[in-house]
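Printed here is start34.cif (mmCIF, C-alpha atoms):
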```cif
data_coords
loop_
_atom_site.label_atom_id
_atom_site.label_comp_id
_atom_site.auth_asym_id
_atom_site.auth_seq_id
_atom_site.Cartn_x
_atom_site.Cartn_y
_atom_site.Cartn_z
CA MET W 158 23.60 -4.92 23.64
CA ASN W 159 21.18 -4.30 26.47
CA GLN W 160 18.23 -6.59 26.98
CA LEU W 161 14.97 -5.15 25.71
CA SER W 162 13.25 -4.40 29.00
CA LYS W 163 9.48 -4.17 29.49
CA ASP W 164 9.79 -0.39 29.99
CA ARG W 165 11.70 0.11 26.76
CA LEU W 166 9.20 -2.03 24.92
CA SER W 167 6.21 -0.11 26.28
CA ASN W 168 7.99 3.20 25.52
CA HIS W 169 8.63 2.02 22.00
CA ILE W 170 4.98 1.08 21.47
CA ARG W 171 3.76 4.33 23.05
CA TYR W 172 5.84 6.58 20.79
CA VAL W 173 6.18 4.56 17.61
CA TRP W 174 2.67 3.08 17.18
CA PRO W 175 1.67 5.65 14.51
CA ALA W 176 4.55 4.37 12.36
CA TYR W 177 3.13 0.84 12.52
CA VAL W 178 -0.37 2.03 11.56
CA ILE W 179 0.77 4.41 8.81
CA SER W 180 3.18 1.88 7.30
CA ALA W 181 0.44 -0.79 7.20
CA LEU W 182 -2.00 1.62 5.52
CA LEU W 183 0.57 2.84 2.99
CA ILE W 184 1.66 -0.69 2.11
CA ALA W 185 -1.91 -1.99 1.74
CA GLY W 186 -2.96 1.04 -0.33
CA GLY W 187 0.18 1.11 -2.43
CA LEU W 188 0.15 -2.59 -3.24
CA SER W 189 -3.57 -2.54 -4.06
CA PHE W 190 -2.90 0.33 -6.47
CA ILE W 191 0.03 -1.52 -8.08
CA PHE W 192 -1.99 -4.74 -8.48
CA GLN W 193 -4.91 -2.81 -9.98
CA ALA W 194 -2.64 -0.97 -12.39
CA VAL W 195 -0.74 -4.09 -13.48
CA HIS W 196 -3.74 -6.42 -13.71
CA LYS W 197 -6.37 -4.01 -14.99
CA LEU W 198 -9.08 -5.98 -16.77
CA PRO W 199 -8.95 -5.53 -20.55
CA GLU W 200 -11.82 -3.44 -21.89
CA TYR W 201 -13.21 -6.39 -23.84
CA LYS W 202 -13.71 -8.37 -20.62
CA THR W 203 -15.86 -5.71 -19.00
CA LEU W 204 -19.33 -4.59 -19.93
CA THR W 205 -20.79 -1.23 -18.93
CA ILE W 206 -24.48 -0.51 -19.39
CA PHE W 207 -26.07 2.94 -19.18
CA VAL W 208 -29.62 2.61 -17.85
CA SER W 209 -32.15 5.43 -18.18
CA GLY W 210 -34.12 4.45 -15.10
CA LYS W 211 -33.30 2.57 -11.96
CA VAL W 212 -31.21 -0.57 -11.54
CA THR W 213 -33.26 -2.57 -9.04
CA ASP W 214 -31.10 -5.68 -8.75
CA GLY W 215 -27.61 -5.00 -10.00
CA LYS W 216 -26.20 -8.04 -8.20
CA THR W 217 -28.42 -10.54 -10.03
CA LEU W 218 -27.88 -8.70 -13.30
CA LYS W 219 -24.11 -9.09 -12.93
CA GLU W 220 -24.34 -12.73 -11.87
CA ASP W 221 -26.67 -13.62 -14.76
CA LEU W 222 -24.54 -11.85 -17.36
CA LEU W 223 -21.30 -13.34 -15.99
CA ASN W 224 -22.85 -16.81 -16.21
CA THR W 225 -24.33 -16.25 -19.66
CA TYR W 226 -21.12 -14.87 -21.18
CA GLN W 227 -18.63 -16.97 -19.25
CA ASP W 228 -17.38 -18.54 -22.49
CA LYS W 229 -16.79 -15.07 -23.92
CA GLU W 230 -14.48 -14.27 -20.96
CA LEU W 231 -16.76 -11.62 -19.43
CA LYS W 232 -15.21 -10.76 -16.04
CA SER W 233 -16.91 -7.59 -14.90
CA VAL W 234 -20.29 -5.90 -15.37
CA SER W 235 -21.04 -2.37 -14.28
CA THR W 236 -24.04 -0.12 -14.65
CA ILE W 237 -24.55 3.62 -14.79
CA SER W 238 -28.09 4.66 -14.01
CA ALA W 239 -29.80 8.02 -14.40
CA ASP W 240 -33.43 8.93 -13.93
CA PRO W 241 -34.68 10.60 -17.15
CA ASN W 242 -36.93 12.89 -15.10
CA GLU W 243 -34.06 14.38 -13.13
CA GLY W 244 -32.26 17.55 -14.12
CA HIS W 245 -28.77 16.06 -14.34
CA TYR W 246 -29.85 13.24 -16.70
CA ASN W 247 -28.24 14.80 -19.75
CA THR W 248 -24.99 15.38 -17.88
CA LYS W 249 -24.86 11.75 -16.75
CA LEU W 250 -25.72 10.54 -20.22
CA THR W 251 -22.96 12.64 -21.73
CA ILE W 252 -20.10 12.21 -19.29
CA PRO W 253 -20.06 8.65 -17.96
CA GLY W 254 -22.59 7.42 -20.56
CA TYR W 255 -21.04 8.39 -23.88
CA SER W 256 -17.50 8.01 -22.62
CA SER W 257 -17.60 4.61 -20.93
CA ALA W 258 -20.83 2.70 -21.60
CA ASP W 259 -20.89 -0.12 -24.14
CA VAL W 260 -24.66 -0.18 -24.36
CA LEU W 261 -26.94 2.80 -23.69
CA ILE W 262 -30.63 2.27 -22.88
CA ILE W 263 -32.52 5.48 -23.68
CA PRO W 264 -36.30 6.16 -23.69
CA VAL W 265 -37.82 7.41 -26.90
CA SER W 266 -38.92 10.72 -25.39
CA LYS W 267 -35.29 11.63 -24.68
CA LEU W 268 -34.21 10.74 -28.18
CA GLU W 269 -36.20 13.53 -29.78
CA ASN W 270 -33.54 16.07 -28.88
CA LEU W 271 -30.54 13.81 -29.42
CA ASP W 272 -28.47 12.98 -32.46
CA PRO W 273 -27.67 9.26 -32.05
CA SER W 274 -24.87 9.43 -34.60
CA TYR W 275 -22.94 11.39 -31.97
CA PHE W 276 -22.64 8.40 -29.63
CA ALA W 277 -24.01 5.29 -31.36
CA ILE W 278 -22.97 3.29 -34.38
CA ASP W 279 -25.43 3.06 -37.24
CA LEU W 280 -26.71 -0.47 -37.64
CA LYS W 281 -25.55 -1.45 -41.08
CA GLU W 282 -27.41 -4.01 -43.18
CA GLU W 283 -24.73 -6.62 -42.57
CA LEU W 284 -24.99 -6.22 -38.78
CA ILE W 285 -28.76 -6.36 -38.88
CA THR W 286 -28.69 -9.51 -41.02
CA THR W 287 -26.16 -11.22 -38.78
CA PHE W 288 -27.54 -10.29 -35.39
CA TYR W 289 -30.79 -8.38 -35.41
CA SER W 290 -32.95 -9.73 -38.17
CA GLY W 291 -36.63 -9.10 -37.34
CA TYR W 292 -35.96 -6.65 -34.48
CA THR W 293 -37.57 -3.21 -34.10
CA PHE W 294 -35.21 -0.30 -34.68
CA TYR W 295 -35.00 3.35 -33.76
CA LYS W 296 -34.39 5.31 -36.95
CA GLN W 297 -33.42 8.87 -37.69
CA LYS W 298 -33.20 10.08 -41.29
CA GLU W 299 -33.70 6.50 -42.48
CA VAL W 300 -30.66 5.29 -40.55
CA SER W 301 -31.10 2.61 -37.87
CA TYR W 302 -29.34 3.34 -34.61
CA GLY W 303 -31.18 1.65 -31.75
CA ILE W 304 -32.84 -1.67 -31.05
CA LYS W 305 -36.02 -1.82 -29.02
CA ILE W 306 -35.52 -3.41 -25.62
CA ASN W 307 -37.72 -6.24 -24.39
CA LYS W 308 -38.78 -4.87 -21.01
CA GLU W 309 -39.97 -8.27 -19.80
CA ILE W 310 -36.45 -9.69 -20.06
CA VAL W 311 -34.82 -6.86 -18.11
CA LYS W 312 -37.67 -6.41 -15.62
CA PRO W 313 -35.94 -8.46 -12.87
CA TYR W 314 -32.90 -6.15 -13.01
CA MET W 315 -34.11 -2.64 -13.74
CA SER W 316 -37.17 -0.41 -13.92
CA LEU W 317 -37.39 1.60 -17.13
CA PRO W 318 -39.70 4.52 -18.00
CA ASN W 319 -43.23 3.66 -19.08
CA GLU W 320 -42.53 4.13 -22.79
CA ASP W 321 -40.51 2.46 -25.52
CA CYS W 322 -36.78 2.26 -24.79
CA TYR W 323 -34.00 1.54 -27.24
CA MET W 324 -30.51 0.13 -26.84
CA PHE W 325 -27.62 1.85 -28.60
CA LEU W 326 -24.15 0.48 -29.24
CA ASN W 327 -21.46 2.99 -28.35
CA GLY W 328 -18.88 3.40 -31.12
CA ASN W 329 -16.12 3.76 -28.51
CA SER W 330 -16.91 0.34 -27.04
CA TYR W 331 -14.37 -2.46 -27.32
CA ASN W 332 -17.19 -5.00 -27.28
CA ILE W 333 -18.87 -4.46 -30.64
CA GLY W 334 -16.52 -6.50 -32.76
CA GLU W 335 -15.60 -5.15 -36.17
CA TYR W 336 -18.10 -2.28 -35.87
CA ALA W 337 -16.09 -0.48 -33.17
CA ASN W 338 -13.84 2.52 -33.75
CA LYS W 339 -11.03 0.12 -32.77
CA PRO W 340 -12.39 -3.07 -34.29
CA VAL W 341 -11.55 -6.55 -33.02
CA LYS W 342 -13.95 -9.10 -34.47
CA GLU W 343 -13.82 -11.58 -31.57
CA HIS W 344 -14.72 -9.01 -28.92
CA ASP W 345 -18.46 -8.77 -29.52
CA LEU W 346 -20.07 -9.11 -26.07
CA ALA W 347 -22.26 -6.03 -26.45
CA LEU W 348 -23.65 -7.26 -29.77
CA HIS W 349 -24.78 -10.47 -28.09
CA LEU W 350 -26.23 -8.65 -25.09
CA VAL W 351 -28.32 -6.39 -27.33
CA LYS W 352 -29.46 -9.47 -29.25
CA GLN W 353 -30.46 -11.13 -25.99
CA TRP W 354 -32.39 -8.15 -24.63
CA GLY W 355 -33.79 -6.81 -27.91
CA MET W 356 -37.09 -7.49 -29.59
CA MET T 256 41.75 -3.90 40.54
CA ASN T 257 41.55 -1.92 37.34
CA TYR T 258 39.01 -1.47 34.58
CA GLN T 259 40.05 -1.06 30.98
CA LEU T 260 37.85 -0.97 27.90
CA ASP T 261 39.65 -2.55 24.94
CA ILE T 262 38.68 0.11 22.42
CA SER T 263 40.37 -1.50 19.45
CA ARG T 264 38.70 -4.87 20.00
CA GLU T 265 35.32 -3.29 20.79
CA TYR T 266 35.57 -1.14 17.65
CA GLN T 267 36.27 -4.21 15.50
CA ASN T 268 33.38 -6.09 17.14
CA ALA T 269 30.97 -3.20 16.64
CA ARG T 270 32.05 -2.71 13.03
CA LYS T 271 31.59 -6.41 12.33
CA LYS T 272 28.12 -6.38 13.89
CA VAL T 273 27.04 -3.26 11.98
CA THR T 274 28.28 -4.76 8.71
CA LEU T 275 26.59 -8.10 9.34
CA LEU T 276 23.28 -6.54 10.38
CA SER T 277 23.32 -4.16 7.40
CA LEU T 278 24.02 -7.05 5.04
CA ALA T 279 21.33 -9.23 6.65
CA PHE T 280 18.80 -6.39 6.40
CA SER T 281 19.70 -5.69 2.77
CA LEU T 282 19.43 -9.39 1.95
CA ILE T 283 16.01 -9.78 3.60
CA PHE T 284 14.81 -6.53 1.98
CA SER T 285 15.95 -7.77 -1.44
CA LEU T 286 14.24 -11.13 -0.95
CA ILE T 287 10.98 -9.49 0.12
CA LEU T 288 11.16 -7.10 -2.82
CA ILE T 289 11.80 -9.96 -5.27
CA ALA T 290 8.94 -11.99 -3.72
CA ASP T 291 6.60 -8.98 -4.00
CA VAL T 292 7.55 -8.32 -7.62
CA LEU T 293 7.10 -12.01 -8.55
CA LEU T 294 3.73 -12.13 -6.79
CA VAL T 295 2.62 -9.03 -8.71
CA ILE T 296 3.89 -10.29 -12.07
CA PHE T 297 2.61 -13.85 -11.81
CA ALA T 298 -0.84 -12.99 -10.46
CA ASN T 299 -3.78 -13.63 -12.74
CA GLU T 300 -6.93 -11.53 -13.07
CA ASP T 301 -8.23 -12.92 -9.80
CA TYR T 302 -5.29 -11.61 -7.83
CA LYS T 303 -6.84 -11.36 -4.36
CA LEU T 304 -4.73 -14.14 -2.82
CA ASN T 305 -1.48 -12.75 -4.24
CA LEU T 306 -2.43 -9.28 -3.05
CA ILE T 307 -3.14 -10.52 0.48
CA ILE T 308 0.12 -12.51 0.65
CA THR T 309 2.10 -9.52 -0.66
CA ILE T 310 0.48 -7.14 1.82
CA ILE T 311 1.08 -9.52 4.75
CA ILE T 312 4.77 -10.16 4.04
CA SER T 313 5.42 -6.49 3.28
CA ILE T 314 3.71 -5.30 6.47
CA LEU T 315 5.52 -7.90 8.56
CA PHE T 316 8.82 -6.79 7.06
CA ALA T 317 8.07 -3.09 7.59
CA TRP T 318 6.99 -3.70 11.18
CA GLY T 319 10.11 -5.80 11.76
CA ALA T 320 12.24 -2.95 10.42
CA ILE T 321 10.42 -0.36 12.56
CA PHE T 322 11.02 -2.54 15.62
CA PHE T 323 14.56 -3.63 14.78
CA PHE T 324 16.19 -0.30 13.90
CA PRO T 325 15.44 1.77 17.01
CA ASN T 326 15.65 -1.13 19.46
CA PHE T 327 18.66 -3.12 18.23
CA TYR T 328 20.50 -1.70 15.25
CA ASN T 329 20.69 1.87 16.51
CA GLU T 330 22.40 0.90 19.76
CA ILE T 331 25.04 -1.12 17.96
CA PHE T 332 25.52 1.65 15.42
CA GLN T 333 25.90 4.31 18.14
CA LYS T 334 28.52 2.15 19.86
CA TYR T 335 30.32 1.79 16.55
CA LEU T 336 30.30 5.59 16.10
CA PHE T 337 31.50 6.03 19.69
CA TYR T 338 34.49 3.73 19.21
CA LYS T 339 35.21 5.15 15.77
CA GLY T 340 35.43 8.69 17.14
CA TYR T 341 37.52 7.70 20.13
CA GLU T 342 40.98 7.94 18.47
CA SER T 343 40.58 11.55 17.40
CA GLY T 344 38.25 12.61 20.26
CA LEU T 345 39.11 14.53 23.42
CA LYS T 346 39.89 12.36 26.42
CA GLU T 347 39.88 13.55 30.00
CA THR T 348 41.85 12.09 32.90
CA ALA T 349 40.88 12.86 36.49
CA GLU T 350 41.21 11.72 40.10
CA VAL T 351 37.87 10.63 41.51
CA GLU T 352 36.32 8.90 44.47
CA PHE T 353 33.86 6.16 43.55
CA ASP T 354 30.43 6.56 45.06
CA LYS T 355 27.93 4.22 43.44
CA GLU T 356 26.82 2.81 40.12
CA ILE T 357 23.26 2.35 38.86
CA ASP T 358 22.17 -1.00 37.42
CA GLU T 359 19.43 0.44 35.23
CA PRO T 360 20.79 1.80 31.91
CA VAL T 361 19.73 5.24 30.63
CA ASN T 362 19.45 6.54 27.09
CA ARG T 363 21.58 9.60 27.88
CA ASP T 364 21.61 11.41 24.55
CA LYS T 365 18.33 9.91 23.31
CA ASN T 366 20.27 8.37 20.47
CA GLY T 367 19.70 4.74 21.40
CA LEU T 368 23.01 4.24 23.21
CA TYR T 369 22.19 2.93 26.69
CA LEU T 370 24.69 3.76 29.45
CA TYR T 371 25.03 2.90 33.14
CA PRO T 372 25.29 5.99 35.37
CA VAL T 373 28.24 6.05 37.77
CA HIS T 374 28.25 8.56 40.66
CA VAL T 375 31.74 9.84 41.50
CA THR T 376 33.36 12.77 43.30
CA TYR T 377 36.00 14.65 41.29
CA ILE T 378 38.97 15.67 43.45
CA ASP T 379 40.92 18.71 42.27
CA GLY T 380 43.22 19.74 45.10
CA LEU T 381 40.89 20.73 47.91
CA THR T 382 37.88 21.06 45.63
CA LYS T 383 35.47 18.14 45.51
CA THR T 384 32.66 18.00 42.96
CA ASN T 385 29.97 15.35 42.69
CA LYS T 386 29.35 14.26 39.12
CA VAL T 387 27.57 11.56 37.21
CA ILE T 388 29.61 9.89 34.52
CA TYR T 389 28.72 6.77 32.57
CA ALA T 390 29.95 3.29 31.81
CA LEU T 391 29.19 1.04 28.84
CA GLU T 392 29.14 -2.02 31.10
CA LYS T 393 27.58 -2.58 34.48
CA ASN T 394 29.35 -3.72 37.65
CA LEU T 395 32.74 -2.12 37.20
CA GLY T 396 33.78 -3.87 40.39
CA PHE T 397 34.61 -0.86 42.56
CA LYS T 398 33.17 -0.09 45.97
CA LYS T 399 32.16 3.17 47.65
CA GLY T 400 35.15 5.26 48.69
CA ASP T 401 37.64 3.72 46.24
CA LYS T 402 40.08 6.30 44.90
CA LEU T 403 40.50 6.04 41.14
CA THR T 404 42.29 7.64 38.23
CA ILE T 405 39.82 7.59 35.38
CA THR T 406 40.03 8.34 31.69
CA THR T 407 36.75 9.35 30.05
CA TYR T 408 35.65 10.09 26.53
CA GLN T 409 32.29 11.83 26.12
CA ARG T 410 31.90 11.38 29.92
CA ILE T 411 32.05 7.61 29.48
CA ILE T 412 34.66 5.67 31.44
CA ILE T 413 37.27 4.07 29.22
CA LYS T 414 39.85 3.27 31.87
CA ALA T 415 39.86 3.26 35.68
CA GLU T 416 42.88 2.53 37.90
CA LEU T 417 42.42 1.87 41.57
CA HIS T 418 44.85 3.68 43.94
CA LEU T 419 46.23 1.15 46.32
#
```
Can you dump the structure from the file as structure tokens?
Amino acid sequence: MNQLSKDRLSNHIRYVWPAYVISALLIAGGLSFIFQAVHKLPEYKTLTIFVSGKVTDGKTLKEDLLNTYQDKELKSVSTISADPNEGHYNTKLTIPGYSSADVLIIPVSKLENLDPSYFAIDLKEELITTFYSGYTFYKQKEVSYGIKINKEIVKPYMSLPNEDCYMFLNGNSYNIGEYANKPVKEHDLALHLVKQWGM
Amino acid sequence: MNYQLDISREYQNARKKVTLLSLAFSLIFSLILIADVLLVIFANEDYKLNLIITIIISILFAWGAIFFFPNFYNEIFQKYLFYKGYESGLKETAEVEFDKEIDEPVNRDKNGLYLYPVHVTYIDGLTKTNKVIYALEKNLGFKKGDKLTITTYQRIIIKAELHL
């Protein structure tokens, strides 16, 4: 076997360098994808909040919630925000909001044209007694759906419209314990969050 | 002084090397694959460290393979193919006059097999033709003007007998 001369080495680098770059990118991308797929966080360890307004300090919001619900194994917090005055608000509320948010914060003016039973669970007497006794509710046809948010508590994290806003618990959430479409009693992060922020 | 390439021995050597290198590569590849799979399986939710270790060992292995195959394995494999084809291949015997040999090897067929060019003059009756043939080894030990009977396969010298 011939010695690998300097010329051969420089020729090799000159012609083959794209293979080094492409292989590194493919490996890094591929392995990241595999790790993400294998170790995807369970739904009950993540909390998604739909905010009708602007999230002003998402970082602090996440840190505070992760600290508060550490014992409940909360690992990830994400927010979806949409300005109620913008044209695509309803689209955002419907597509990422209804489909993936655990808690939806909606101003009262937007609720006039919405049927909360489409996306939120109705707050049964038992749930109200256990978690939300003494809170203010948003009702439609005598059924309670939303809980009024305490704007002072969430002020450091988000700016909400200058009107009453209510929090709704999405029936598709995995974080509303036995009240979810797929109920698991222990996974009740969203119930506690609404209790913490409600009034 | 004569030159003779021991094809049978060289073929055995090349075959042994190709087998050993293939086995070594397969073994290392398997170990890396097992390590990667274990790192993926036994990672917890905070898998950043495992991911970084997996990426680093996989990239190092891939880069090693990209460097190893064209620069080392391919040459040995081409030699193995050369010796393997020798038995059934066409050989040519000719009278030549040695001119010079070049110390710097060339990748004649761009296939990774590096050969040393040898300048000779073919003598066919009164006709003399200058040609470049090749040798697998350098310093065949002949000097300018030596008259030789050579046997070549794929224009590579297998045997050279000096006319005394």
What is the CA of Leu271 (chain W)-CA of Leu222 (chain W) distance in Å, reported with one decimal?
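Calculated distance between CA of Leu271 (chain W) and CA of Leu222 (chain W) is 29.0 Å.
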Written as a list in words, what is the full residue list that the PyMOL selection byres ((chain T) within 8 of (chain W)) yields on the file shown?
Val295, Ile296, Ala298, Asn299, Glu300, Tyr302, Leu306, Thr309, Ile310, Ser313, Ile314, Ala317, Trp318, Ile321, Asn326, Phe327, Glu330, Ile331 and Tyr369 of chain T
Which is closer to Thr287 (chain W) than all the others in W:Met356, W:Leu223, W:Val234, W:Leu348, using all atoms listed in the file?
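Checking each of W:Met356, W:Leu223, W:Val234, W:Leu348 against Thr287 (chain W), counting all atoms listed in the file, the winner is W:Leu348.
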Tyr226 (chain W): which residues within 12 Å, counting all atoms listed in the file, same-chain residues fewer than 5 positions away excluded, as a PyMOL selection string?
chain W and resi 201-204+219-221+231-234+344-350+353
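Nearest residue to Val300 (chain W) among W:Lys281, W:Lys249, W:Lys339, W:Arg171 is W:Lys281, counting only C-alpha atoms.
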CA of Ser235 (chain W) to CA of Gly291 (chain W), distance in Å rounded to a single decimal
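Those two atoms sit 28.6 Å apart.
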Could you tell me how far CA of Lys272 (chain T) lies from CA of Val373 (chain T), in Å and to one decimal?
26.9 Å
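Against this structure, the PyMOL selection byres ((chain T and resi 350-355) around 8) ends up with Thr348, Ala349, Glu356, Ile357, Val373, His374, Val375, Thr376, Tyr377, Ile378, Asp379, Phe397, Lys398, Lys399, Gly400, Asp401, Lys402, Leu403, Thr404 and Ile405 of chain T.
Counting only C-alpha atoms and comparing T:Ile287, T:Lys393, T:Leu419, T:Phe324, the residue that lies closest to Ile311 (chain T) is T:Ile287.
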Run the PyMOL selection byres ((chain W and resi 343) around 9) mentally over the shown coordinates, then write out the matched residues as a ChimeraX atom specification, using the chain letters and numbers from the document.
/W:229,332-335,341-342,344-346
Top pick for closest residue to Ile308 (chain T), considering T:Leu293, T:Leu368, T:Ala390, T:Leu395 and counting only C-alpha atoms:
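Distance minimum relative to Ile308 (chain T) lands on T:Leu293.
Compared by their closest atoms to Ser238 (chain W), and using all atoms listed in the file, the residues W:Ile306, W:Val351, W:Ile262, W:Cys322 rank with W:Ile262 nearest.
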Distance query 9 Å from (-36.5, 9.5, -15.7) using all atoms listed in the file, result as a PyMOL selection string
chain W and resi 209-211+239-243+246+264+317-318
